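J.: So here's start.tsv (TSV, C-alpha atoms and all ligand atoms).
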chain	number	residue	atom	x	y	z
A	2	MET	CA	-21.37	-40.99	-23.96
A	3	SER	CA	-17.63	-41.20	-23.62
A	4	GLU	CA	-16.03	-39.30	-20.78
A	5	GLN	CA	-13.57	-37.88	-23.24
A	6	LYS	CA	-13.91	-34.26	-24.19
A	7	GLN	CA	-12.16	-32.38	-26.96
A	8	ILE	CA	-11.19	-28.73	-27.07
A	9	PHE	CA	-9.67	-27.10	-30.13
A	10	VAL	CA	-7.52	-24.03	-29.48
A	11	GLY	CA	-5.95	-21.58	-31.93
A	12	TRP	CA	-2.72	-21.18	-29.98
A	13	LEU	CA	-1.23	-22.79	-26.89
A	14	ILE	CA	1.64	-21.48	-24.76
A	15	ASP	CA	2.50	-24.26	-22.35
A	16	GLY	CA	4.35	-22.43	-19.54
A	17	THR	CA	7.74	-24.07	-20.07
A	18	GLY	CA	9.03	-21.23	-22.23
A	19	ALA	CA	8.70	-23.35	-25.39
A	20	PRO	CA	7.45	-21.60	-28.54
A	21	VAL	CA	3.77	-21.12	-29.25
A	22	GLN	CA	1.96	-24.20	-30.59
A	23	LYS	CA	-0.71	-23.65	-33.23
A	24	LYS	CA	-4.07	-25.31	-33.87
A	25	VAL	CA	-3.97	-27.69	-30.96
A	26	LEU	CA	-6.53	-30.38	-30.22
A	27	VAL	CA	-6.68	-30.97	-26.48
A	28	THR	CA	-8.24	-34.22	-25.29
A	29	VAL	CA	-9.45	-34.24	-21.70
A	30	GLU	CA	-10.67	-37.20	-19.68
A	31	LYS	CA	-11.94	-36.86	-16.13
A	32	GLY	CA	-10.49	-33.38	-15.99
A	33	ILE	CA	-6.98	-34.53	-16.97
A	34	ILE	CA	-5.22	-33.74	-20.25
A	35	ARG	CA	-4.81	-37.02	-22.15
A	36	SER	CA	-3.30	-35.70	-25.38
A	37	LEU	CA	-2.19	-32.53	-27.14
A	38	THR	CA	-2.02	-32.57	-30.92
A	39	SER	CA	-0.64	-29.46	-32.59
A	40	HIS	CA	-1.15	-28.50	-36.26
A	41	TYR	CA	-4.43	-30.36	-36.11
A	42	THR	CA	-6.20	-30.20	-39.45
A	43	GLY	CA	-8.90	-32.85	-39.03
A	44	SER	CA	-12.56	-32.09	-38.68
A	45	LEU	CA	-14.04	-31.09	-35.34
A	46	SER	CA	-16.83	-33.18	-33.90
A	47	ASP	CA	-20.08	-31.51	-32.83
A	48	SER	CA	-19.21	-31.98	-29.19
A	49	CYS	CA	-15.76	-30.41	-29.56
A	50	THR	CA	-15.40	-27.03	-27.85
A	51	ASP	CA	-14.05	-24.61	-30.43
A	52	LEU	CA	-11.59	-22.08	-28.99
A	53	GLY	CA	-9.91	-21.62	-32.36
A	54	PHE	CA	-10.15	-17.86	-31.88
A	55	ALA	CA	-8.13	-17.93	-28.67
A	56	THR	CA	-4.78	-18.58	-26.99
A	57	ILE	CA	-4.59	-20.73	-23.89
A	58	VAL	CA	-1.91	-20.53	-21.17
A	59	PRO	CA	-1.56	-22.11	-17.71
A	60	PRO	CA	-3.18	-20.26	-14.78
A	61	PHE	CA	-0.98	-17.50	-13.42
A	62	ILE	CA	0.86	-17.37	-10.14
A	63	ASP	CA	1.78	-13.95	-8.78
A	64	CYS	CA	5.04	-14.62	-6.93
A	65	HIS	CA	4.96	-11.50	-4.79
A	66	VAL	CA	1.86	-9.77	-3.44
A	67	HIS	CA	0.76	-8.18	-0.19
A	68	LEU	CA	-2.87	-9.23	0.11
A	69	ALA	CA	-3.48	-7.13	3.20
A	70	MET	CA	-2.65	-3.90	1.36
A	71	SER	CA	-4.54	-2.29	-1.50
A	72	GLY	CA	-1.93	-0.43	-3.47
A	73	GLY	CA	-3.87	2.80	-3.27
A	74	VAL	CA	-1.85	6.00	-3.05
A	75	ALA	CA	-4.00	7.82	-0.48
A	76	GLU	CA	-1.85	7.90	2.66
A	77	GLU	CA	-4.78	7.83	5.10
A	78	ILE	CA	-6.10	4.61	3.57
A	79	ARG	CA	-2.63	3.04	3.49
A	80	SER	CA	-1.96	3.78	7.11
A	81	SER	CA	-5.41	2.65	8.25
A	82	GLN	CA	-4.89	-0.66	6.44
A	83	LEU	CA	-1.47	-1.04	7.98
A	84	GLN	CA	-2.90	-0.61	11.46
A	85	ALA	CA	-6.14	-2.53	10.94
A	86	GLU	CA	-7.17	-5.59	12.90
A	87	CYS	CA	-7.42	-8.86	10.99
A	88	ALA	CA	-11.23	-8.85	11.19
A	89	ASP	CA	-11.34	-5.49	9.43
A	90	LEU	CA	-9.02	-6.67	6.67
A	91	LYS	CA	-11.14	-9.67	5.71
A	92	SER	CA	-13.20	-7.87	3.09
A	93	VAL	CA	-10.07	-6.09	1.79
A	94	ILE	CA	-8.17	-9.36	1.29
A	95	SER	CA	-11.21	-11.00	-0.26
A	96	ARG	CA	-11.60	-8.16	-2.76
A	97	HIS	CA	-7.91	-8.38	-3.73
A	98	LEU	CA	-8.29	-12.09	-4.40
A	99	GLY	CA	-11.30	-11.28	-6.57
A	100	TYR	CA	-9.21	-8.89	-8.67
A	101	LEU	CA	-6.38	-11.41	-8.91
A	102	PHE	CA	-8.74	-14.18	-9.99
A	103	SER	CA	-10.25	-11.94	-12.64
A	104	HIS	CA	-6.76	-11.68	-14.15
A	105	GLY	CA	-6.25	-15.42	-14.19
A	106	VAL	CA	-4.22	-15.67	-11.00
A	107	LEU	CA	-4.99	-18.97	-9.29
A	108	ALA	CA	-2.16	-18.91	-6.73
A	109	VAL	CA	-0.32	-16.16	-4.90
A	110	ARG	CA	2.87	-16.06	-2.87
A	111	ASP	CA	2.38	-13.38	-0.25
A	112	GLY	CA	5.28	-11.24	0.87
A	113	GLY	CA	4.10	-10.88	4.43
A	114	ASP	CA	1.91	-8.78	6.68
A	115	ARG	CA	2.68	-7.59	10.19
A	116	GLY	CA	-0.39	-9.08	11.88
A	117	ALA	CA	-0.34	-12.38	9.97
A	118	CYS	CA	-3.89	-11.49	8.87
A	119	VAL	CA	-3.50	-13.26	5.53
A	120	ARG	CA	-2.88	-16.51	7.37
A	121	GLU	CA	-5.89	-15.80	9.59
A	122	PHE	CA	-8.04	-15.05	6.53
A	123	ARG	CA	-6.98	-18.23	4.79
A	124	LYS	CA	-8.39	-20.40	7.55
A	125	THR	CA	-11.94	-19.73	6.37
A	126	TYR	CA	-11.37	-18.74	2.73
A	127	GLU	CA	-12.98	-21.07	0.20
A	128	GLY	CA	-12.41	-19.08	-2.98
A	129	PRO	CA	-10.58	-20.07	-6.17
A	130	VAL	CA	-7.12	-18.65	-5.43
A	131	ALA	CA	-4.54	-20.73	-3.54
A	132	VAL	CA	-2.96	-18.47	-0.93
A	133	TYR	CA	0.60	-19.03	0.33
A	134	THR	CA	1.81	-16.81	3.13
A	135	PRO	CA	4.90	-16.36	5.32
A	136	GLY	CA	2.98	-14.65	8.13
A	137	PRO	CA	5.02	-11.57	9.06
A	138	ALA	CA	8.39	-10.90	7.41
A	139	TRP	CA	11.55	-10.90	9.53
A	140	TYR	CA	13.68	-7.76	9.77
A	141	ARG	CA	16.32	-6.18	11.98
A	142	ASP	CA	14.94	-3.81	14.61
A	143	GLY	CA	15.43	-0.20	13.60
A	144	ARG	CA	15.75	-1.03	9.90
A	145	TYR	CA	13.20	-1.17	7.08
A	146	GLY	CA	10.45	-3.79	7.49
A	147	ARG	CA	8.18	-2.56	10.27
A	148	LEU	CA	5.17	-2.27	7.96
A	149	ILE	CA	5.15	-5.96	7.13
A	150	GLY	CA	7.31	-7.58	9.73
A	151	ARG	CA	8.44	-8.84	13.07
A	152	ALA	CA	11.65	-7.32	14.41
A	153	VAL	CA	14.75	-9.20	15.51
A	154	THR	CA	16.60	-7.05	18.05
A	155	GLU	CA	20.38	-6.52	17.96
A	156	LYS	CA	20.75	-8.91	20.89
A	157	GLU	CA	18.68	-11.67	19.30
A	158	GLU	CA	19.76	-14.17	16.72
A	159	LEU	CA	17.61	-14.44	13.64
A	160	ALA	CA	17.39	-18.24	13.60
A	161	GLN	CA	16.77	-18.33	17.34
A	162	SER	CA	13.84	-15.88	17.11
A	163	PHE	CA	12.48	-17.85	14.21
A	164	ALA	CA	12.76	-21.16	16.05
A	165	GLU	CA	10.86	-19.84	19.04
A	166	ILE	CA	7.75	-19.19	17.02
A	167	ASP	CA	5.52	-22.01	15.99
A	168	TRP	CA	3.06	-21.10	13.30
A	169	ASP	CA	1.48	-22.40	10.23
A	170	PHE	CA	3.42	-20.68	7.44
A	171	ASP	CA	4.20	-21.74	3.90
A	172	HIS	CA	7.53	-20.01	3.30
A	173	VAL	CA	9.77	-17.53	5.06
A	174	LYS	CA	10.15	-13.86	4.17
A	175	LEU	CA	13.27	-12.02	5.21
A	176	VAL	CA	14.02	-8.34	4.69
A	177	ASN	CA	17.72	-7.78	4.10
A	178	SER	CA	18.02	-4.20	2.86
A	179	GLY	CA	16.15	-0.92	2.82
A	180	LEU	CA	13.99	0.50	0.06
A	181	ASN	CA	15.42	2.13	-3.04
A	182	SER	CA	16.22	5.78	-2.65
A	183	LEU	CA	13.98	8.15	-4.57
A	184	THR	CA	16.26	11.08	-3.88
A	185	ASP	CA	19.74	9.69	-4.61
A	186	TYR	CA	19.94	7.60	-7.74
A	187	GLY	CA	21.49	4.18	-7.11
A	188	LYS	CA	22.03	4.76	-3.39
A	189	THR	CA	21.75	1.46	-1.56
A	190	THR	CA	21.68	0.31	2.07
A	191	ARG	CA	23.77	-2.18	4.01
A	192	PRO	CA	22.57	-5.71	4.73
A	193	GLN	CA	20.38	-6.33	7.78
A	194	PHE	CA	21.78	-9.86	8.25
A	195	ASP	CA	24.95	-11.58	7.05
A	196	ARG	CA	25.30	-14.85	5.18
A	197	GLY	CA	25.93	-16.81	8.40
A	198	GLU	CA	22.70	-15.67	10.02
A	199	ILE	CA	20.74	-16.18	6.82
A	200	GLY	CA	22.30	-19.62	6.32
A	201	LYS	CA	21.08	-20.76	9.73
A	202	LEU	CA	17.56	-19.54	8.97
A	203	VAL	CA	17.60	-21.30	5.58
A	204	SER	CA	18.66	-24.62	7.05
A	205	LEU	CA	16.20	-24.38	9.93
A	206	SER	CA	13.22	-23.62	7.69
A	207	GLY	CA	14.47	-26.16	5.15
A	208	ARG	CA	13.89	-28.95	7.68
A	209	ASP	CA	10.17	-28.43	7.10
A	210	GLY	CA	10.69	-27.99	3.39
A	211	LYS	CA	10.03	-24.23	3.56
A	212	LYS	CA	11.76	-21.88	1.16
A	213	VAL	CA	13.16	-18.47	2.01
A	214	MET	CA	12.34	-15.37	-0.05
A	215	VAL	CA	14.55	-12.35	0.61
A	216	HIS	CA	13.77	-8.69	0.01
A	217	ALA	CA	17.14	-7.28	-1.02
A	218	ASN	CA	18.39	-4.32	-3.05
A	219	GLY	CA	22.02	-3.40	-3.64
A	220	VAL	CA	25.18	-5.46	-4.13
A	221	GLU	CA	25.93	-6.50	-0.55
A	222	PRO	CA	22.44	-7.31	0.77
A	223	VAL	CA	21.79	-9.49	-2.28
A	224	ARG	CA	25.20	-11.21	-2.09
A	225	GLU	CA	24.74	-12.10	1.58
A	226	ALA	CA	21.29	-13.56	0.85
A	227	ILE	CA	22.54	-15.64	-2.08
A	228	GLU	CA	25.55	-16.91	-0.14
A	229	GLY	CA	23.25	-17.67	2.79
A	230	GLY	CA	21.40	-20.08	0.50
A	231	CYS	CA	18.10	-18.26	-0.04
A	232	HIS	CA	15.72	-19.46	-2.73
A	233	SER	CA	14.70	-16.17	-4.26
A	234	ILE	CA	15.76	-12.56	-4.37
A	235	GLU	CA	12.86	-10.14	-4.34
A	236	HIS	CA	13.34	-6.76	-6.08
A	237	GLY	CA	17.14	-6.93	-6.47
A	238	PHE	CA	17.49	-3.36	-7.71
A	239	PHE	CA	21.13	-2.38	-8.23
A	240	MET	CA	22.41	-5.85	-7.32
A	241	GLY	CA	24.82	-5.96	-10.26
A	242	ARG	CA	26.14	-8.55	-12.68
A	243	ASP	CA	28.26	-10.49	-10.20
A	244	ASN	CA	25.15	-11.31	-8.17
A	245	LEU	CA	23.26	-12.36	-11.28
A	246	GLU	CA	26.12	-14.72	-12.15
A	247	ARG	CA	25.95	-16.20	-8.64
A	248	MET	CA	22.20	-16.65	-8.98
A	249	ALA	CA	22.55	-18.39	-12.33
A	250	ALA	CA	25.17	-20.73	-10.84
A	251	LYS	CA	23.13	-21.55	-7.73
A	252	GLY	CA	19.68	-21.64	-9.32
A	253	VAL	CA	18.37	-18.79	-7.19
A	254	VAL	CA	15.19	-17.27	-8.66
A	255	TRP	CA	14.95	-13.52	-9.19
A	256	VAL	CA	11.61	-11.71	-8.78
A	257	PRO	CA	12.37	-8.19	-10.09
A	258	THR	CA	9.01	-6.46	-9.30
A	259	ALA	CA	9.88	-3.80	-11.90
A	260	VAL	CA	6.30	-2.52	-11.99
A	261	THR	CA	6.72	-1.05	-8.50
A	262	MET	CA	9.19	1.45	-9.91
A	263	LYS	CA	6.97	2.24	-12.88
A	264	MET	CA	4.14	3.03	-10.49
A	265	TYR	CA	6.39	5.04	-8.15
A	266	ALA	CA	7.31	7.18	-11.14
A	267	GLU	CA	3.65	7.68	-12.07
A	268	VAL	CA	2.57	8.42	-8.51
A	269	ARG	CA	5.39	10.92	-7.98
A	270	LYS	CA	4.52	12.62	-11.23
A	271	LEU	CA	0.87	12.94	-10.20
A	272	GLN	CA	2.00	14.41	-6.89
A	273	GLY	CA	4.06	17.00	-8.75
A	274	ASP	CA	7.36	15.55	-7.53
A	275	LYS	CA	9.33	15.80	-10.76
A	276	ASP	CA	12.70	14.83	-9.27
A	277	GLY	CA	11.29	11.78	-7.50
A	278	ALA	CA	9.53	10.71	-10.71
A	279	GLU	CA	12.77	11.12	-12.68
A	280	ILE	CA	14.76	8.97	-10.24
A	281	ALA	CA	12.08	6.28	-10.12
A	282	HIS	CA	12.12	6.20	-13.91
A	283	ARG	CA	15.91	5.83	-13.99
A	284	ASN	CA	15.65	3.04	-11.40
A	285	LEU	CA	13.17	1.31	-13.67
A	286	MET	CA	15.47	1.64	-16.70
A	287	HIS	CA	18.35	0.21	-14.69
A	288	GLN	CA	16.17	-2.71	-13.61
A	289	LEU	CA	15.26	-3.43	-17.24
A	290	GLU	CA	19.00	-3.57	-18.04
A	291	GLN	CA	19.45	-6.06	-15.20
A	292	ILE	CA	16.58	-8.14	-16.58
A	293	SER	CA	18.29	-8.33	-19.96
A	294	MET	CA	21.49	-9.40	-18.18
A	295	ALA	CA	19.51	-12.09	-16.35
A	296	VAL	CA	18.20	-13.38	-19.68
A	297	GLU	CA	21.73	-13.44	-21.09
A	298	LEU	CA	23.10	-15.30	-18.04
A	299	GLY	CA	20.19	-17.75	-17.78
A	300	VAL	CA	18.89	-16.56	-14.40
A	301	GLU	CA	15.40	-17.91	-13.68
A	302	VAL	CA	13.05	-14.93	-13.45
A	303	GLY	CA	9.78	-15.15	-11.52
A	304	LEU	CA	6.88	-12.79	-12.06
A	305	GLY	CA	5.88	-10.95	-8.93
A	306	SER	CA	4.00	-7.65	-8.98
A	307	ASP	CA	4.45	-6.59	-5.33
A	308	SER	CA	0.78	-5.57	-5.50
A	309	GLY	CA	-0.20	-3.69	-2.40
A	310	SER	CA	2.80	-1.38	-2.59
A	311	SER	CA	2.10	2.24	-3.48
A	312	GLY	CA	0.14	2.48	-6.74
A	313	VAL	CA	0.49	-1.23	-7.53
A	314	LEU	CA	-2.98	-2.77	-7.81
A	315	HIS	CA	-3.78	-6.45	-7.45
A	316	GLY	CA	-4.42	-8.31	-10.68
A	317	GLU	CA	-3.79	-5.76	-13.38
A	318	SER	CA	-0.22	-5.17	-12.19
A	319	LEU	CA	0.64	-8.73	-13.15
A	320	VAL	CA	-0.03	-7.84	-16.78
A	321	ASP	CA	2.03	-4.65	-16.42
A	322	GLU	CA	4.93	-6.61	-14.92
A	323	MET	CA	4.74	-9.08	-17.79
A	324	LYS	CA	5.03	-6.22	-20.28
A	325	LEU	CA	8.11	-4.95	-18.43
A	326	LEU	CA	9.74	-8.40	-18.41
A	327	ILE	CA	9.26	-8.48	-22.18
A	328	LYS	CA	10.67	-4.97	-22.48
A	329	GLY	CA	13.68	-6.20	-20.50
A	330	GLY	CA	14.30	-8.99	-22.98
A	331	LEU	CA	12.20	-12.03	-22.08
A	332	SER	CA	10.19	-13.60	-24.89
A	333	LEU	CA	6.42	-13.71	-24.56
A	334	ALA	CA	6.65	-17.46	-23.80
A	335	GLY	CA	9.49	-16.73	-21.34
A	336	SER	CA	7.42	-14.13	-19.50
A	337	ILE	CA	4.53	-16.60	-19.29
A	338	ARG	CA	6.95	-19.20	-17.88
A	339	SER	CA	7.88	-16.58	-15.22
A	340	ALA	CA	4.19	-16.25	-14.32
A	341	THR	CA	3.49	-20.00	-14.30
A	342	LEU	CA	6.17	-22.71	-14.04
A	343	VAL	CA	8.70	-20.59	-12.13
A	344	GLY	CA	6.04	-19.63	-9.57
A	345	ALA	CA	4.86	-23.22	-9.25
A	346	ARG	CA	8.41	-24.33	-8.47
A	347	LEU	CA	8.86	-21.56	-5.91
A	348	LEU	CA	5.67	-22.66	-4.19
A	349	GLY	CA	6.53	-26.34	-4.48
A	350	ILE	CA	3.34	-27.08	-6.46
A	351	GLU	CA	4.90	-28.77	-9.44
A	352	ASN	CA	1.67	-30.32	-10.64
A	353	TRP	CA	0.84	-26.73	-11.59
A	354	GLY	CA	2.48	-24.31	-13.94
A	355	THR	CA	2.29	-26.00	-17.33
A	356	ILE	CA	-0.25	-27.29	-19.80
A	357	GLU	CA	0.87	-30.85	-20.40
A	358	VAL	CA	-0.35	-34.40	-20.76
A	359	GLY	CA	-1.14	-35.94	-17.38
A	360	LYS	CA	-1.86	-32.62	-15.68
A	361	ARG	CA	-5.25	-31.17	-14.81
A	362	ALA	CA	-6.85	-29.29	-17.70
A	363	ASP	CA	-6.65	-25.86	-16.06
A	364	PHE	CA	-5.97	-22.92	-18.33
A	365	LEU	CA	-6.74	-19.30	-19.14
A	366	VAL	CA	-8.41	-18.36	-22.39
A	367	ALA	CA	-7.39	-15.08	-24.03
A	368	ARG	CA	-9.23	-13.97	-27.15
A	369	GLY	CA	-6.95	-13.60	-30.18
A	370	GLY	CA	-3.44	-14.75	-31.01
A	371	PRO	CA	-0.06	-14.22	-29.35
A	372	GLY	CA	0.35	-10.86	-31.13
A	373	GLN	CA	-2.33	-9.47	-28.81
A	374	LEU	CA	-0.60	-10.70	-25.68
A	375	PRO	CA	0.04	-9.90	-22.92
A	376	ARG	CA	-2.53	-7.10	-23.34
A	377	LYS	CA	-5.48	-9.49	-23.63
A	378	PHE	CA	-4.66	-11.04	-20.26
A	379	SER	CA	-6.32	-7.94	-18.82
A	380	TYR	CA	-9.60	-9.02	-20.42
A	381	LEU	CA	-9.65	-12.79	-20.21
A	382	GLU	CA	-12.31	-14.60	-22.18
A	383	ASP	CA	-12.57	-17.44	-19.68
A	384	ILE	CA	-10.87	-19.64	-17.13
A	385	TYR	CA	-11.11	-23.42	-17.46
A	386	THR	CA	-10.57	-25.76	-14.55
A	387	SER	CA	-10.63	-29.55	-15.01
A	388	GLY	CA	-11.48	-29.02	-18.68
A	389	VAL	CA	-14.65	-26.96	-18.18
A	390	PRO	CA	-15.37	-23.22	-17.82
A	391	ASP	CA	-15.06	-22.22	-14.18
A	392	ASN	CA	-18.36	-20.73	-13.07
A	393	ARG	CA	-16.63	-18.79	-10.34
A	394	TYR	CA	-14.89	-16.73	-13.03
A	395	ARG	CA	-18.14	-15.79	-14.76
A	396	LYS	CA	-19.78	-14.90	-11.45
A	397	ASN	CA	-16.77	-13.06	-10.05
A	398	PRO	CA	-18.07	-9.63	-8.99
A	399	PHE	CA	-14.61	-8.14	-9.45
A	400	LYS	CA	-14.32	-9.13	-13.09
A	401	HIS	CA	-13.29	-6.34	-15.49
A	402	THR	CA	-13.60	-3.53	-13.04
A	403	GLY	CA	-12.15	-1.00	-15.43
A	404	GLU	CA	-9.98	0.41	-12.66
A	405	THR	CA	-7.29	2.74	-13.80
A	406	ALA	CA	-3.77	2.15	-12.62
A	407	VAL	CA	-3.32	5.01	-10.19
A	408	GLN	CA	-6.16	5.79	-7.83
A	409	PRO	CA	-6.82	5.30	-4.16
A	410	ILE	CA	-8.06	1.71	-3.61
B	501	ZN	ZN	6.83	-6.79	-1.11
Let me see the structure of the file written as structure tokens.
Ligand SMILES: [Zn+2]
T.:
Amino acid sequence: MSEQKQIFVGWLIDGTGAPVQKKVLVTVEKGIIRSLTSHYTGSLSDSCTDLGFATIVPPFIDCHVHLAMSGGVAEEIRSSQLQAECADLKSVISRHLGYLFSHGVLAVRDGGDRGACVREFRKTYEGPVAVYTPGPAWYRDGRYGRLIGRAVTEKEELAQSFAEIDWDFDHVKLVNSGLNSLTDYGKTTRPQFDRGEIGKLVSLSGRDGKKVMVHANGVEPVREAIEGGCHSIEHGFFMGRDNLERMAAKGVVWVPTAVTMKMYAEVRKLQGDKDGAEIAHRNLMHQLEQISMAVELGVEVGLGSDSGSSGVLHGESLVDEMKLLIKGGLSLAGSIRSATLVGARLLGIENWGTIEVGKRADFLVARGGPGQLPRKFSYLEDIYTSGVPDNRYRKNPFKHTGETAVQPI
């Protein structure tokens, strides 16, 4: 028997942002894609796997999660998770990865946790999701960031503090603004660090090939981060057109995490806080306008859910964020690029992120055609790795949990 295997798929979206390909015959040899033939009209051999009813896309990468937090809205659970020891968070992190995997996420870029418990967890984790973590985030003492970070005091220099710590991290997370106000629409905070300090951090971490992701909202905090040479802006609410132009020019990736604001609005509404819900909703609308500006200016948009923040649940929030990116003006193929190729580049795993000849035959199978996407990503038919169905997906105890969006844990 030949080692070649054929798979026929109804539709293929390759992760580059290119239009949907129809009726594609995929030839796989030793787990690697050897050819892709679209508009295939020949007969299918008996051994050919027929996925003519389905669309395939590359595995997803969630570019912004907090694995150590659940995204529940019950304050007592949130605060106990925030204070927990790493040993107690093991089962929590493992469950989150189960949810993520059930939604086709095979790699995550963590946004940091105070105790570096994600890094600790990863040492013994053997599951299907590749975990990339910065350890704790860096922030200025007295400013926002305590929940996930390590403080730099007024007397200390950011790069100096960073240099003194030797740990096994994959990227660097810096906090350079506060959170968005839910009482004053559009009110922003000043930067925590200036472009000089950020620049030193970027060049220091760049020596080891590590990229710098920066939490920043508002015009000035975002501008300082871009001019400091960061690789991605996380959130970027109210950053404005000028910053988007700078990002397009410098190739800085934007991870808008719009779903956080959608969930804030829903949570506030449930809590009976009408004004807070109204402001969160306006923030969301403003963010969607910025997304359409980013599309117009050619800014590379990455898909990050910020799962773990209030009301934002691991796995399903990726699909919600994809819907919002599309609402903001990305095409379906563009939003899939955000969740695949853009993430792979941010993580420096460029053998990932697309379905193409020469790459491993890893892909998600969603029942139906592109018209039913991204909805069907919430109920994946299957996950293939190296050209065969991944048993870990079928056995995943967290598959199709039927969780609703807003509930504690
Ligand atoms: Zn975050």
J.: Compute the set of protein, DNA and RNA residues whose minimum atom distance to ligand ZN 501 (chain B) is at most 9 Å, using only C-alpha atoms and all ligand atoms, and state it as a count of residues only.
T.: 17
J.: Around (-0.5, -2.3, 7.7), as given in the file, which residues come within 10 Å? Count all atoms listed in the file and list them as a count of residues only.
T.: 21
J.: Leaving out stretch 134-145 of chain A and any residue of its chain fewer than 5 positions from it, which residues lie within 9 Å of it when counting only C-alpha atoms, given as a PyMOL selection string?
T.: chain A and resi 109-120+150-155+159+163+168-180+193-194
J.: For a test of reading the model, state the distance in Å between atom CA of A:Val253 and atom CA of A:Leu101, rounded to one decimal.
T.: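 Atom CA of A:Leu101 lies 25.9 Å from atom CA of A:Val253.
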J.: Of the candidates A:Val220, A:Ile57, A:Ile280, A:Leu13, which shows the shortest atom-to-atom distance to A:Lys377, using only C-alpha atoms?
T.: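 Checking each of A:Val220, A:Ile57, A:Ile280, A:Leu13 against A:Lys377, counting only C-alpha atoms, the winner is A:Ile57.
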J.: Could you state the separation of atom CA of A:Gln288 and atom CA of A:Ala266 in Å, given to one decimal place?
T.: 13.5 Å
J.: Which residues come within 9 Å of A:His282, counting only C-alpha atoms, excluding same-chain residues fewer than 4 positions away, as a compact mmCIF listing (two decimals) with C-alpha atoms, in the coordinates of the input?
T.:
# COMPACT_ATOMS: atom_id res chain seq x y z
CA MET A 262 9.19 1.45 -9.91
CA LYS A 263 6.97 2.24 -12.88
CA TYR A 265 6.39 5.04 -8.15
CA ALA A 266 7.31 7.18 -11.14
CA GLU A 267 3.65 7.68 -12.07
CA GLY A 277 11.29 11.78 -7.50
CA ALA A 278 9.53 10.71 -10.71
CA MET A 286 15.47 1.64 -16.70
CA HIS A 287 18.35 0.21 -14.69
J.: Report as a list in words all protein, DNA and RNA residues lying within 10 Å of A:Glu322, evaluated on all atoms listed in the file, omitting residues in the same chain fewer than 2 positions from it.
T.: Pro257, Thr258, Ala259, Val260, Thr261, Lys263, Leu304, Gly305, Ser306, Asp307, Glu317, Ser318, Leu319, Val320, Lys324, Leu325, Leu326, Ile327, Lys328, Ser336, Ala340 and Pro375 of chain A
J.: In Å, with one decimal, what is the gap from atom CA of A:Ala164 to atom CA of A:Ser206?
T.: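 Atom-to-atom, atom CA of A:Ala164 and atom CA of A:Ser206 are spaced 8.7 Å apart.
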J.: Given only C-alpha atoms as the basis, pick out the residue of A:Lys275, A:Thr50, A:Gly316, A:Gly219 nearest to A:Phe399.
T.: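 Using only C-alpha atoms, A:Phe399 sits closest to A:Gly316.
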J.: Take the point (-2.4, -17.2, -22.2) as written in the file and pick out every residue within 8 Å of it, counting only C-alpha atoms; give the list as a PyMOL selection string.
T.: chain A and resi 13-14+56-59+337+364-367+374-375+378
